[in-house]
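Novice: Data: query-v8.cif, mmCIF, C-alpha atoms and all ligand atoms.
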data_entry
loop_
_atom_site.label_atom_id
_atom_site.label_comp_id
_atom_site.auth_asym_id
_atom_site.auth_seq_id
_atom_site.Cartn_x
_atom_site.Cartn_y
_atom_site.Cartn_z
CA MET A 1384 -155.22 76.88 38.01
CA ARG A 1385 -154.32 74.08 40.45
CA THR A 1386 -151.18 72.05 39.88
CA GLN A 1387 -151.87 68.66 38.31
CA ILE A 1388 -149.60 65.89 39.50
CA ALA A 1389 -148.82 62.36 38.42
CA ALA A 1390 -146.84 60.83 41.28
CA ALA A 1391 -145.18 57.43 41.25
CA ASN A 1392 -144.78 55.58 44.53
CA TRP A 1393 -142.25 52.83 43.94
CA LYS A 1394 -142.63 51.67 47.57
CA MET A 1395 -139.93 49.12 48.52
CA ASN A 1396 -139.45 47.82 45.01
CA LEU A 1397 -136.62 47.62 42.45
CA VAL A 1398 -132.95 46.91 43.04
CA LYS A 1399 -130.67 49.49 41.46
CA GLU A 1400 -130.30 47.77 38.13
CA GLU A 1401 -134.09 47.53 37.80
CA ALA A 1402 -134.48 51.17 38.85
CA GLU A 1403 -131.98 52.17 36.17
CA GLN A 1404 -133.86 50.23 33.54
CA LEU A 1405 -137.17 51.82 34.49
CA MET A 1406 -135.62 55.29 34.56
CA ASP A 1407 -134.07 54.76 31.12
CA GLN A 1408 -137.47 53.75 29.77
CA LEU A 1409 -139.21 56.71 31.42
CA LEU A 1410 -136.66 59.19 30.13
CA ALA A 1411 -136.81 57.77 26.63
CA SER A 1412 -140.41 58.96 26.27
CA ALA A 1413 -141.07 61.34 29.15
CA PRO A 1414 -143.98 63.61 28.16
CA THR A 1415 -143.30 67.34 28.08
CA LEU A 1416 -145.28 68.93 30.89
CA GLN A 1417 -147.35 72.08 30.86
CA ASN A 1418 -146.53 74.82 33.35
CA ASN A 1419 -149.16 73.64 35.84
CA GLN A 1420 -148.15 69.96 35.66
CA GLU A 1421 -145.67 67.92 37.67
CA VAL A 1422 -144.41 64.37 37.70
CA ILE A 1423 -143.06 63.20 41.04
CA LEU A 1424 -141.14 59.98 41.60
CA ALA A 1425 -141.37 58.90 45.26
CA ILE A 1426 -138.56 56.40 45.45
CA PRO A 1427 -136.45 54.55 48.05
CA PHE A 1428 -133.92 56.66 50.00
CA PRO A 1429 -130.77 55.10 48.48
CA TYR A 1430 -131.76 56.21 44.99
CA LEU A 1431 -132.75 59.81 45.68
CA THR A 1432 -129.63 61.65 44.53
CA TRP A 1433 -129.10 59.36 41.58
CA ALA A 1434 -132.69 59.92 40.41
CA GLN A 1435 -132.33 63.66 40.86
CA SER A 1436 -129.33 63.74 38.60
CA ARG A 1437 -131.16 61.64 36.02
CA LEU A 1438 -134.12 64.06 36.02
CA ASP A 1439 -131.94 67.15 36.04
CA GLY A 1440 -133.16 69.73 33.56
CA LEU A 1441 -136.45 67.96 32.85
CA LYS A 1442 -139.07 70.63 33.54
CA GLY A 1443 -141.67 69.66 36.13
CA TYR A 1444 -140.11 66.30 37.02
CA ARG A 1445 -139.26 65.94 40.73
CA VAL A 1446 -137.95 63.33 43.11
CA ALA A 1447 -139.67 62.69 46.46
CA ALA A 1448 -138.86 60.68 49.56
CA GLN A 1449 -141.49 58.23 50.79
CA ASN A 1450 -141.14 59.17 54.44
CA CYS A 1451 -139.02 61.06 56.95
CA HIS A 1452 -138.54 61.06 60.71
CA HIS A 1453 -140.42 63.38 63.04
CA LYS A 1454 -137.22 64.73 64.65
CA ASN A 1455 -134.53 66.76 62.95
CA ALA A 1456 -131.52 64.82 64.26
CA GLY A 1457 -130.40 62.56 67.08
CA ALA A 1458 -129.97 58.98 68.25
CA TYR A 1459 -132.52 57.36 65.92
CA THR A 1460 -130.61 54.60 64.21
CA GLY A 1461 -131.75 53.83 60.70
CA GLU A 1462 -133.89 56.92 60.32
CA VAL A 1463 -133.72 59.79 57.81
CA SER A 1464 -134.64 63.38 58.71
CA ALA A 1465 -136.28 66.16 56.74
CA PRO A 1466 -133.19 68.40 56.98
CA MET A 1467 -131.11 65.57 55.49
CA LEU A 1468 -133.49 65.30 52.56
CA ALA A 1469 -133.52 69.07 52.11
CA SER A 1470 -129.72 69.11 52.13
CA LEU A 1471 -129.82 66.79 49.11
CA GLY A 1472 -132.18 69.16 47.32
CA ILE A 1473 -135.25 66.98 47.83
CA ARG A 1474 -138.36 69.18 47.86
CA ASP A 1475 -141.18 66.66 48.24
CA CYS A 1476 -141.95 63.91 50.75
CA VAL A 1477 -144.84 61.47 51.03
CA LEU A 1478 -146.20 61.33 54.59
CA GLY A 1479 -148.80 59.16 56.25
CA HIS A 1480 -149.11 56.48 53.60
CA SER A 1481 -151.57 53.84 54.81
CA GLU A 1482 -148.82 51.22 54.73
CA ARG A 1483 -146.83 53.26 57.25
CA ARG A 1484 -149.93 53.91 59.33
CA GLU A 1485 -150.55 50.15 59.40
CA TYR A 1486 -147.06 48.66 59.70
CA GLN A 1487 -145.28 51.45 61.58
CA GLY A 1488 -148.26 52.51 63.66
CA GLU A 1489 -148.14 56.11 62.45
CA GLY A 1490 -151.05 58.20 63.70
CA GLU A 1491 -152.35 61.75 63.50
CA ALA A 1492 -150.13 63.32 66.17
CA LEU A 1493 -146.90 61.82 64.84
CA LEU A 1494 -147.83 62.82 61.31
CA ALA A 1495 -148.51 66.38 62.47
CA GLU A 1496 -144.90 66.46 63.72
CA LYS A 1497 -143.59 65.04 60.45
CA MET A 1498 -145.55 67.69 58.56
CA ASP A 1499 -143.85 70.36 60.65
CA ARG A 1500 -140.34 68.94 60.14
CA CYS A 1501 -140.85 68.82 56.37
CA LEU A 1502 -142.33 72.28 56.13
CA GLU A 1503 -139.58 73.79 58.32
CA ALA A 1504 -137.03 72.19 56.00
CA GLY A 1505 -138.74 73.62 52.91
CA ILE A 1506 -140.08 70.25 51.79
CA ARG A 1507 -143.60 70.02 50.42
CA PRO A 1508 -145.47 67.15 52.09
CA ILE A 1509 -147.76 64.86 50.12
CA PHE A 1510 -150.12 63.94 52.94
CA CYS A 1511 -151.92 60.62 52.46
CA CYS A 1512 -155.32 59.83 53.91
CA GLY A 1513 -157.98 57.21 53.26
CA GLU A 1514 -160.36 54.81 54.90
CA PRO A 1515 -160.31 51.01 55.33
CA LEU A 1516 -163.04 48.86 53.79
CA SER A 1517 -164.98 48.49 57.05
CA VAL A 1518 -165.37 52.26 57.33
CA ARG A 1519 -166.46 52.54 53.70
CA GLU A 1520 -169.00 49.77 54.18
CA ALA A 1521 -170.40 51.54 57.21
CA GLY A 1522 -170.69 54.74 55.17
CA ASN A 1523 -168.42 56.73 57.52
CA GLN A 1524 -165.61 57.41 55.07
CA ASN A 1525 -166.03 61.19 54.85
CA GLU A 1526 -165.88 61.68 58.61
CA PHE A 1527 -162.96 59.22 58.92
CA VAL A 1528 -160.87 61.10 56.37
CA ALA A 1529 -161.91 64.48 57.79
CA ALA A 1530 -160.59 63.36 61.19
CA GLN A 1531 -157.25 62.35 59.63
CA ILE A 1532 -156.98 65.78 58.04
CA ARG A 1533 -158.02 67.68 61.16
CA GLY A 1534 -155.65 65.65 63.32
CA SER A 1535 -152.52 66.13 61.24
CA LEU A 1536 -153.06 69.35 59.30
CA PHE A 1537 -155.27 71.79 61.17
CA HIS A 1538 -152.43 73.19 63.27
CA LEU A 1539 -150.99 74.64 60.05
CA SER A 1540 -151.63 78.22 58.95
CA ALA A 1541 -153.71 78.96 55.86
CA GLU A 1542 -150.63 80.17 54.04
CA VAL A 1543 -148.76 76.95 54.74
CA ILE A 1544 -151.57 74.53 54.03
CA ALA A 1545 -152.13 76.19 50.65
CA GLY A 1546 -148.70 74.83 49.67
CA ILE A 1547 -149.14 71.15 50.50
CA VAL A 1548 -150.47 68.23 48.47
CA ILE A 1549 -153.08 65.75 49.72
CA ALA A 1550 -153.43 62.21 48.38
CA TYR A 1551 -156.68 60.36 49.02
CA GLU A 1552 -156.02 56.63 48.90
CA PRO A 1553 -158.88 54.38 50.00
CA ILE A 1554 -157.10 51.41 51.59
CA TRP A 1555 -159.45 48.92 49.95
CA ALA A 1556 -158.29 50.17 46.53
CA ILE A 1557 -154.54 49.95 47.15
CA GLY A 1558 -152.87 47.09 45.32
CA THR A 1559 -156.22 45.31 44.95
CA GLY A 1560 -157.06 46.21 41.36
CA LYS A 1561 -160.32 47.59 42.78
CA THR A 1562 -160.38 51.30 41.90
CA ALA A 1563 -162.82 53.75 43.43
CA THR A 1564 -165.46 54.75 40.91
CA THR A 1565 -165.18 58.26 39.54
CA ALA A 1566 -168.28 59.12 41.59
CA GLN A 1567 -166.65 57.81 44.80
CA ALA A 1568 -163.39 59.62 44.06
CA GLN A 1569 -165.05 62.92 43.16
CA GLU A 1570 -167.36 62.78 46.18
CA MET A 1571 -164.47 62.24 48.60
CA HIS A 1572 -162.21 64.82 46.97
CA ALA A 1573 -165.01 67.39 47.14
CA SER A 1574 -165.56 66.46 50.77
CA ILE A 1575 -161.87 66.92 51.59
CA ARG A 1576 -161.92 70.31 49.87
CA GLN A 1577 -165.02 71.21 51.87
CA VAL A 1578 -163.24 70.25 55.12
CA LEU A 1579 -160.35 72.53 54.14
CA ALA A 1580 -162.74 75.32 53.10
CA GLN A 1581 -164.58 75.25 56.43
CA GLN A 1582 -161.32 75.78 58.29
CA TYR A 1583 -159.33 77.94 55.89
CA GLY A 1584 -161.79 79.40 53.42
CA GLN A 1585 -162.64 78.54 49.85
CA ALA A 1586 -159.69 80.36 48.30
CA VAL A 1587 -157.16 78.25 50.21
CA ALA A 1588 -159.09 75.01 49.72
CA SER A 1589 -159.24 75.56 45.99
CA GLN A 1590 -155.44 75.82 45.77
CA VAL A 1591 -154.58 72.44 47.30
CA PRO A 1592 -153.95 69.64 44.78
CA ILE A 1593 -155.78 66.47 45.85
CA LEU A 1594 -154.51 63.30 44.20
CA TYR A 1595 -156.32 59.99 43.99
CA GLY A 1596 -154.45 56.77 44.71
CA GLY A 1597 -155.52 53.13 44.63
CA SER A 1598 -155.14 50.93 41.55
CA VAL A 1599 -154.68 53.87 39.17
CA LYS A 1600 -153.64 52.53 35.77
CA ALA A 1601 -153.48 53.69 32.18
CA ALA A 1602 -156.97 52.29 31.58
CA ASN A 1603 -158.70 54.38 34.28
CA ALA A 1604 -156.49 57.47 34.63
CA VAL A 1605 -158.27 59.71 32.12
CA GLU A 1606 -161.65 58.99 33.69
CA LEU A 1607 -160.38 59.67 37.22
CA PHE A 1608 -158.38 62.78 36.34
CA THR A 1609 -161.37 64.30 34.59
CA CYS A 1610 -163.23 64.60 37.91
CA PRO A 1611 -163.27 68.31 38.83
CA ASP A 1612 -161.69 67.82 42.27
CA VAL A 1613 -159.19 65.11 41.28
CA ASP A 1614 -155.89 66.79 40.44
CA GLY A 1615 -153.91 63.73 39.48
CA GLY A 1616 -152.84 60.44 40.96
CA LEU A 1617 -150.48 58.71 43.35
CA VAL A 1618 -149.63 55.50 41.57
CA GLY A 1619 -148.16 52.34 43.08
CA GLY A 1620 -148.01 49.15 41.02
CA ALA A 1621 -148.57 50.77 37.62
CA SER A 1622 -145.69 53.20 38.22
CA LEU A 1623 -143.25 50.29 37.99
CA ASN A 1624 -144.11 49.88 34.32
CA ALA A 1625 -142.81 52.71 32.14
CA THR A 1626 -145.46 52.40 29.44
CA GLU A 1627 -148.28 52.38 32.01
CA PHE A 1628 -146.88 55.29 33.97
CA ILE A 1629 -146.22 57.40 30.88
CA SER A 1630 -149.84 56.91 29.79
CA ILE A 1631 -150.94 57.98 33.26
CA VAL A 1632 -148.78 61.11 33.00
CA SER A 1633 -150.29 61.83 29.59
CA ALA A 1634 -153.76 61.51 31.12
CA LEU A 1635 -153.15 64.72 33.07
CA SER A 1636 -153.91 66.84 30.05
P1 LIG A 1701 -151.50 50.83 43.82
O1 LIG A 1701 -151.49 51.82 42.69
O2 LIG A 1701 -150.56 49.70 43.62
O3 LIG A 1701 -152.90 50.43 44.18
O4 LIG A 1701 -150.91 51.64 45.09
C1 LIG A 1701 -151.45 52.86 45.43
C2 LIG A 1701 -150.57 53.48 46.45
O5 LIG A 1701 -150.49 53.03 47.56
C3 LIG A 1701 -149.77 54.64 46.04
O6 LIG A 1701 -149.23 55.27 47.14
#
Starting from the file, lay out its structure as structure tokens.
Ligand code: 13P

Specialist:
Amino acid sequence: MRTQIAAANWKMNLVKEEAEQLMDQLLASAPTLQNNQEVILAIPFPYLTWAQSRLDGLKGYRVAAQNCHHKNAGAYTGEVSAPMLASLGIRDCVLGHSERREYQGEGEALLAEKMDRCLEAGIRPIFCCGEPLSVREAGNQNEFVAAQIRGSLFHLSAEVIAGIVIAYEPIWAIGTGKTATTAQAQEMHASIRQVLAQQYGQAVASQVPILYGGSVKAANAVELFTCPDVDGGLVGGASLNATEFISIVSALS
């Protein structure tokens, strides 16, 4: 059975005091997870070790970075490398979020390098993909996302790719309150799995958790997570509210 994941992406939000408040609220009613379920908090770098110690001993709850650099070390002021994250015990890292693609100009080749640095360091990447509105309106979304996956992931071996997580986040649904319909989400997730199956075979493709992101909230999580190829969500805005996020976690089962 594929791993089901509810992942929070705090993005660049919350000063420490606010983060502590949210964590207190989450821990006060954190759902017990089944063996095949995970909750991942992708949070700002300065809070990683603190959050890890707060989640210590809570089965299935993990802390992720939101990015890392594509080199292991060197004169890159202000950057954070995969080996640094690994040395803190971080085992997950979001890569290729559309906000980084847009504001930091990250593209397929760079993301392929970041994938490699994470995997070499023993960090599981959560690779984000998704199309802008113009591509959706032109009906080219499946090919657009397939190209993102081919460009950043297809250099990986079958064994390695079986261990990553993919997050499909249509850009037009991020922070807009406009969620993809269950039909749109399922169709794209099935298409992504098909792209993986063509390259790596059905057995590998069926192991990779594919999360949906884009205005996931308590009110739509059950519906989305019930789609056969949707294995959970990557949640932005709603993850900053403990009650909302806990309902989303509960929607996994
Ligand atoms: P929202 O849930 O705020 O739409 O953000 C989605 C997202 O970008 C998660 O990575």

Novice: Would you mind listing what lies within 12 Å of A:Gly1443 as a PyMOL selection string, with all atoms listed in the file counted and same-chain residues fewer than 3 positions away left out?

Specialist: chain A and resi 1386-1390+1413-1424+1438-1440+1446+1632

Novice: Write to file, as a compact mmCIF listing (two decimals), keeping the file's coordinate frame, the residues of the selection just made, with C-alpha atoms.

Specialist:
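Contents of the output file selection06.txt:
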# COMPACT_ATOMS: atom_id res chain seq x y z
CA THR A 1386 -151.18 72.05 39.88
CA GLN A 1387 -151.87 68.66 38.31
CA ILE A 1388 -149.60 65.89 39.50
CA ALA A 1389 -148.82 62.36 38.42
CA ALA A 1390 -146.84 60.83 41.28
CA ALA A 1413 -141.07 61.34 29.15
CA PRO A 1414 -143.98 63.61 28.16
CA THR A 1415 -143.30 67.34 28.08
CA LEU A 1416 -145.28 68.93 30.89
CA GLN A 1417 -147.35 72.08 30.86
CA ASN A 1418 -146.53 74.82 33.35
CA ASN A 1419 -149.16 73.64 35.84
CA GLN A 1420 -148.15 69.96 35.66
CA GLU A 1421 -145.67 67.92 37.67
CA VAL A 1422 -144.41 64.37 37.70
CA ILE A 1423 -143.06 63.20 41.04
CA LEU A 1424 -141.14 59.98 41.60
CA LEU A 1438 -134.12 64.06 36.02
CA ASP A 1439 -131.94 67.15 36.04
CA GLY A 1440 -133.16 69.73 33.56
CA VAL A 1446 -137.95 63.33 43.11
CA VAL A 1632 -148.78 61.11 33.00

Novice: Which residues form the shell of 9 Å around ligand LIG 1701 (chain A) when you count only C-alpha atoms and all ligand atoms, given as a ChimeraX atom specification?

Specialist: /A:1390-1394,1425,1477,1480-1482,1511,1550,1552-1562,1595-1600,1616-1622

Novice: Take atom CA of A:Pro1427 and atom CA of A:His1452 and report the distance between them in Å, one decimal.

Specialist: 14.4 Å

Novice: Go through A:Ile1506, A:Ala1402, A:Val1578, A:Leu1478 and flag the residue nearest A:Glu1526, using all atoms listed in the file for the distances.

Specialist: A:Val1578

Novice: Just give me the gap between atom CA of A:Ser1636 and atom CA of A:Ala1586 in Å, one decimal is fine.

Specialist: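 Result for atom CA of A:Ser1636 versus atom CA of A:Ala1586: 23.4 Å, one decimal.
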
Novice: For the atom pair atom CA of A:Ala1545 and atom CA of A:Ala1568, what is the interatomic distance in Å to one decimal place?

Specialist: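 Computed distance, atom CA of A:Ala1545 to atom CA of A:Ala1568, equals 21.1 Å.
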
Novice: Using all atoms listed in the file, which of A:Gln1449, A:Asn1396, A:Gln1524, A:Ser1633 sits nearest A:Gln1567?

Specialist: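 Among A:Gln1449, A:Asn1396, A:Gln1524, A:Ser1633, it is A:Gln1524 that comes nearest to A:Gln1567.
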
Novice: Could you list, with a cut-off of 12 Å and counting all atoms listed in the file, the residues of stretch 1524-1589 of chain A near stretch 1453-1476 of chain A, each shown with its nearest atom pair and the distance in Å rounded to one decimal, rows sorted by chain and ascending number, as a tab-separated table?

Specialist:
residue	atom	partner	partner_atom	distance
A:Gly1546	CA	A:Asp1475	CA	11.2
A:Ile1547	CA	A:Asp1475	CA	9.4
A:Val1548	CA	A:Asp1475	CA	9.4
A:Ile1549	CA	A:Cys1476	CA	11.3
A:Ala1550	CA	A:Cys1476	CA	11.8

Novice: Select, from A:Ala1588, A:Lys1399, A:Ala1411, A:Met1406, the residue with the minimum atom-to-atom distance to A:Ser1436, counting only C-alpha atoms.

Specialist: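 Of the candidates, the smallest distance to A:Ser1436 is held by A:Met1406.
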
Novice: Determine the nearest neighbour of A:Glu1496 from the options A:Leu1516, A:Leu1536, A:Ile1426, A:Ala1530, counting all atoms listed in the file.

Specialist: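 Checking each of A:Leu1516, A:Leu1536, A:Ile1426, A:Ala1530 against A:Glu1496, counting all atoms listed in the file, the winner is A:Leu1536.
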
Novice: Kindly indicate which residue among A:Ala1573, A:Val1518, A:Leu1410, A:Leu1579 lies nearest to A:Phe1537, using all atoms listed in the file for the distances.

Specialist: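 Using all atoms listed in the file, A:Phe1537 sits closest to A:Leu1579.
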
Novice: Have a look at A:Cys1610, A:Leu1635, A:Val1591, A:Ala1434 and name the one nearest to A:Arg1385; count only C-alpha atoms.

Specialist: A:Val1591

Novice: Is it possible to get the residues within 7 Å of (-147.5, 71.1, 56.3) (coordinates as in the file, counting all atoms listed in the file) written as a PyMOL selection string?

Specialist: chain A and resi 1498-1499+1502+1508+1536+1539+1543-1544+1547

Novice: Excluding same-chain residues fewer than 5 positions from A:Val1613, what lies within 8 Å of it counting only C-alpha atoms, as a list in words?

Specialist: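 The residues that qualify are Ala1568, Gln1569, His1572, Pro1592, Ile1593, Leu1594, Tyr1595, Leu1607 and Phe1608 of chain A.
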
Novice: Show me that you can extract stretch 1511-1538 of chain A, keeping N, CA and C atoms, and write it as a PDB file, in the first residue's frame.

Specialist:
ATOM      1  N   CYS A1511       8.063  18.990  -6.664  1.00  0.00           N
ATOM      2  CA  CYS A1511       6.828  19.689  -7.042  1.00  0.00           C
ATOM      3  C   CYS A1511       6.785  19.949  -8.545  1.00  0.00           C
ATOM      4  N   CYS A1512       5.606  19.794  -9.108  1.00  0.00           N
ATOM      5  CA  CYS A1512       5.388  20.096 -10.518  1.00  0.00           C
ATOM      6  C   CYS A1512       3.998  20.703 -10.653  1.00  0.00           C
ATOM      7  N   GLY A1513       3.718  21.265 -11.811  1.00  0.00           N
ATOM      8  CA  GLY A1513       2.381  21.852 -11.999  1.00  0.00           C
ATOM      9  C   GLY A1513       2.409  22.945 -13.041  1.00  0.00           C
ATOM     10  N   GLU A1514       1.270  23.139 -13.679  1.00  0.00           N
ATOM     11  CA  GLU A1514       1.202  24.036 -14.825  1.00  0.00           C
ATOM     12  C   GLU A1514       0.587  25.391 -14.467  1.00  0.00           C
ATOM     13  N   PRO A1515       0.968  26.451 -15.185  1.00  0.00           N
ATOM     14  CA  PRO A1515       0.292  27.739 -15.019  1.00  0.00           C
ATOM     15  C   PRO A1515      -1.079  27.723 -15.711  1.00  0.00           C
ATOM     16  N   LEU A1516      -1.867  28.737 -15.422  1.00  0.00           N
ATOM     17  CA  LEU A1516      -3.232  28.809 -15.953  1.00  0.00           C
ATOM     18  C   LEU A1516      -3.265  28.782 -17.482  1.00  0.00           C
ATOM     19  N   SER A1517      -2.314  29.494 -18.113  1.00  0.00           N
ATOM     20  CA  SER A1517      -2.338  29.581 -19.582  1.00  0.00           C
ATOM     21  C   SER A1517      -2.201  28.190 -20.211  1.00  0.00           C
ATOM     22  N   VAL A1518      -1.363  27.359 -19.588  1.00  0.00           N
ATOM     23  CA  VAL A1518      -1.155  26.005 -20.117  1.00  0.00           C
ATOM     24  C   VAL A1518      -2.413  25.162 -19.910  1.00  0.00           C
ATOM     25  N   ARG A1519      -3.029  25.308 -18.752  1.00  0.00           N
ATOM     26  CA  ARG A1519      -4.282  24.595 -18.475  1.00  0.00           C
ATOM     27  C   ARG A1519      -5.356  25.013 -19.476  1.00  0.00           C
ATOM     28  N   GLU A1520      -5.437  26.321 -19.724  1.00  0.00           N
ATOM     29  CA  GLU A1520      -6.485  26.809 -20.633  1.00  0.00           C
ATOM     30  C   GLU A1520      -6.267  26.323 -22.062  1.00  0.00           C
ATOM     31  N   ALA A1521      -4.995  26.106 -22.396  1.00  0.00           N
ATOM     32  CA  ALA A1521      -4.696  25.602 -23.741  1.00  0.00           C
ATOM     33  C   ALA A1521      -4.822  24.076 -23.806  1.00  0.00           C
ATOM     34  N   GLY A1522      -5.065  23.457 -22.650  1.00  0.00           N
ATOM     35  CA  GLY A1522      -5.255  22.002 -22.626  1.00  0.00           C
ATOM     36  C   GLY A1522      -3.960  21.208 -22.700  1.00  0.00           C
ATOM     37  N   ASN A1523      -2.816  21.879 -22.452  1.00  0.00           N
ATOM     38  CA  ASN A1523      -1.517  21.194 -22.576  1.00  0.00           C
ATOM     39  C   ASN A1523      -0.914  20.786 -21.244  1.00  0.00           C
ATOM     40  N   GLN A1524      -1.748  20.728 -20.206  1.00  0.00           N
ATOM     41  CA  GLN A1524      -1.192  20.518 -18.858  1.00  0.00           C
ATOM     42  C   GLN A1524      -0.484  19.172 -18.697  1.00  0.00           C
ATOM     43  N   ASN A1525      -1.017  18.117 -19.294  1.00  0.00           N
ATOM     44  CA  ASN A1525      -0.386  16.807 -19.082  1.00  0.00           C
ATOM     45  C   ASN A1525       1.021  16.770 -19.676  1.00  0.00           C
ATOM     46  N   GLU A1526       1.160  17.320 -20.871  1.00  0.00           N
ATOM     47  CA  GLU A1526       2.481  17.322 -21.514  1.00  0.00           C
ATOM     48  C   GLU A1526       3.446  18.241 -20.768  1.00  0.00           C
ATOM     49  N   PHE A1527       2.939  19.378 -20.273  1.00  0.00           N
ATOM     50  CA  PHE A1527       3.774  20.337 -19.528  1.00  0.00           C
ATOM     51  C   PHE A1527       4.355  19.673 -18.281  1.00  0.00           C
ATOM     52  N   VAL A1528       3.506  19.000 -17.537  1.00  0.00           N
ATOM     53  CA  VAL A1528       3.953  18.355 -16.292  1.00  0.00           C
ATOM     54  C   VAL A1528       4.855  17.159 -16.611  1.00  0.00           C
ATOM     55  N   ALA A1529       4.528  16.431 -17.665  1.00  0.00           N
ATOM     56  CA  ALA A1529       5.377  15.295 -18.072  1.00  0.00           C
ATOM     57  C   ALA A1529       6.794  15.787 -18.378  1.00  0.00           C
ATOM     58  N   ALA A1530       6.893  16.947 -19.027  1.00  0.00           N
ATOM     59  CA  ALA A1530       8.216  17.492 -19.371  1.00  0.00           C
ATOM     60  C   ALA A1530       8.984  17.885 -18.107  1.00  0.00           C
ATOM     61  N   GLN A1531       8.279  18.416 -17.113  1.00  0.00           N
ATOM     62  CA  GLN A1531       8.948  18.750 -15.839  1.00  0.00           C
ATOM     63  C   GLN A1531       9.502  17.481 -15.194  1.00  0.00           C
ATOM     64  N   ILE A1532       8.721  16.432 -15.255  1.00  0.00           N
ATOM     65  CA  ILE A1532       9.136  15.162 -14.624  1.00  0.00           C
ATOM     66  C   ILE A1532      10.295  14.536 -15.407  1.00  0.00           C
ATOM     67  N   ARG A1533      10.166  14.491 -16.707  1.00  0.00           N
ATOM     68  CA  ARG A1533      11.261  13.939 -17.525  1.00  0.00           C
ATOM     69  C   ARG A1533      12.551  14.713 -17.286  1.00  0.00           C
ATOM     70  N   GLY A1534      12.434  16.044 -17.278  1.00  0.00           N
ATOM     71  CA  GLY A1534      13.618  16.898 -17.202  1.00  0.00           C
ATOM     72  C   GLY A1534      14.365  16.822 -15.881  1.00  0.00           C
ATOM     73  N   SER A1535      13.664  16.562 -14.804  1.00  0.00           N
ATOM     74  CA  SER A1535      14.331  16.572 -13.495  1.00  0.00           C
ATOM     75  C   SER A1535      14.475  15.203 -12.852  1.00  0.00           C
ATOM     76  N   LEU A1536      13.723  14.223 -13.349  1.00  0.00           N
ATOM     77  CA  LEU A1536      13.696  12.930 -12.639  1.00  0.00           C
ATOM     78  C   LEU A1536      14.187  11.736 -13.459  1.00  0.00           C
ATOM     79  N   PHE A1537      14.153  11.841 -14.776  1.00  0.00           N
ATOM     80  CA  PHE A1537      14.375  10.637 -15.575  1.00  0.00           C
ATOM     81  C   PHE A1537      15.825  10.165 -15.619  1.00  0.00           C
ATOM     82  N   HIS A1538      16.736  10.930 -15.013  1.00  0.00           N
ATOM     83  CA  HIS A1538      18.109  10.427 -14.915  1.00  0.00           C
ATOM     84  C   HIS A1538      18.243   9.469 -13.728  1.00  0.00           C
TER      85      HIS A1538
END
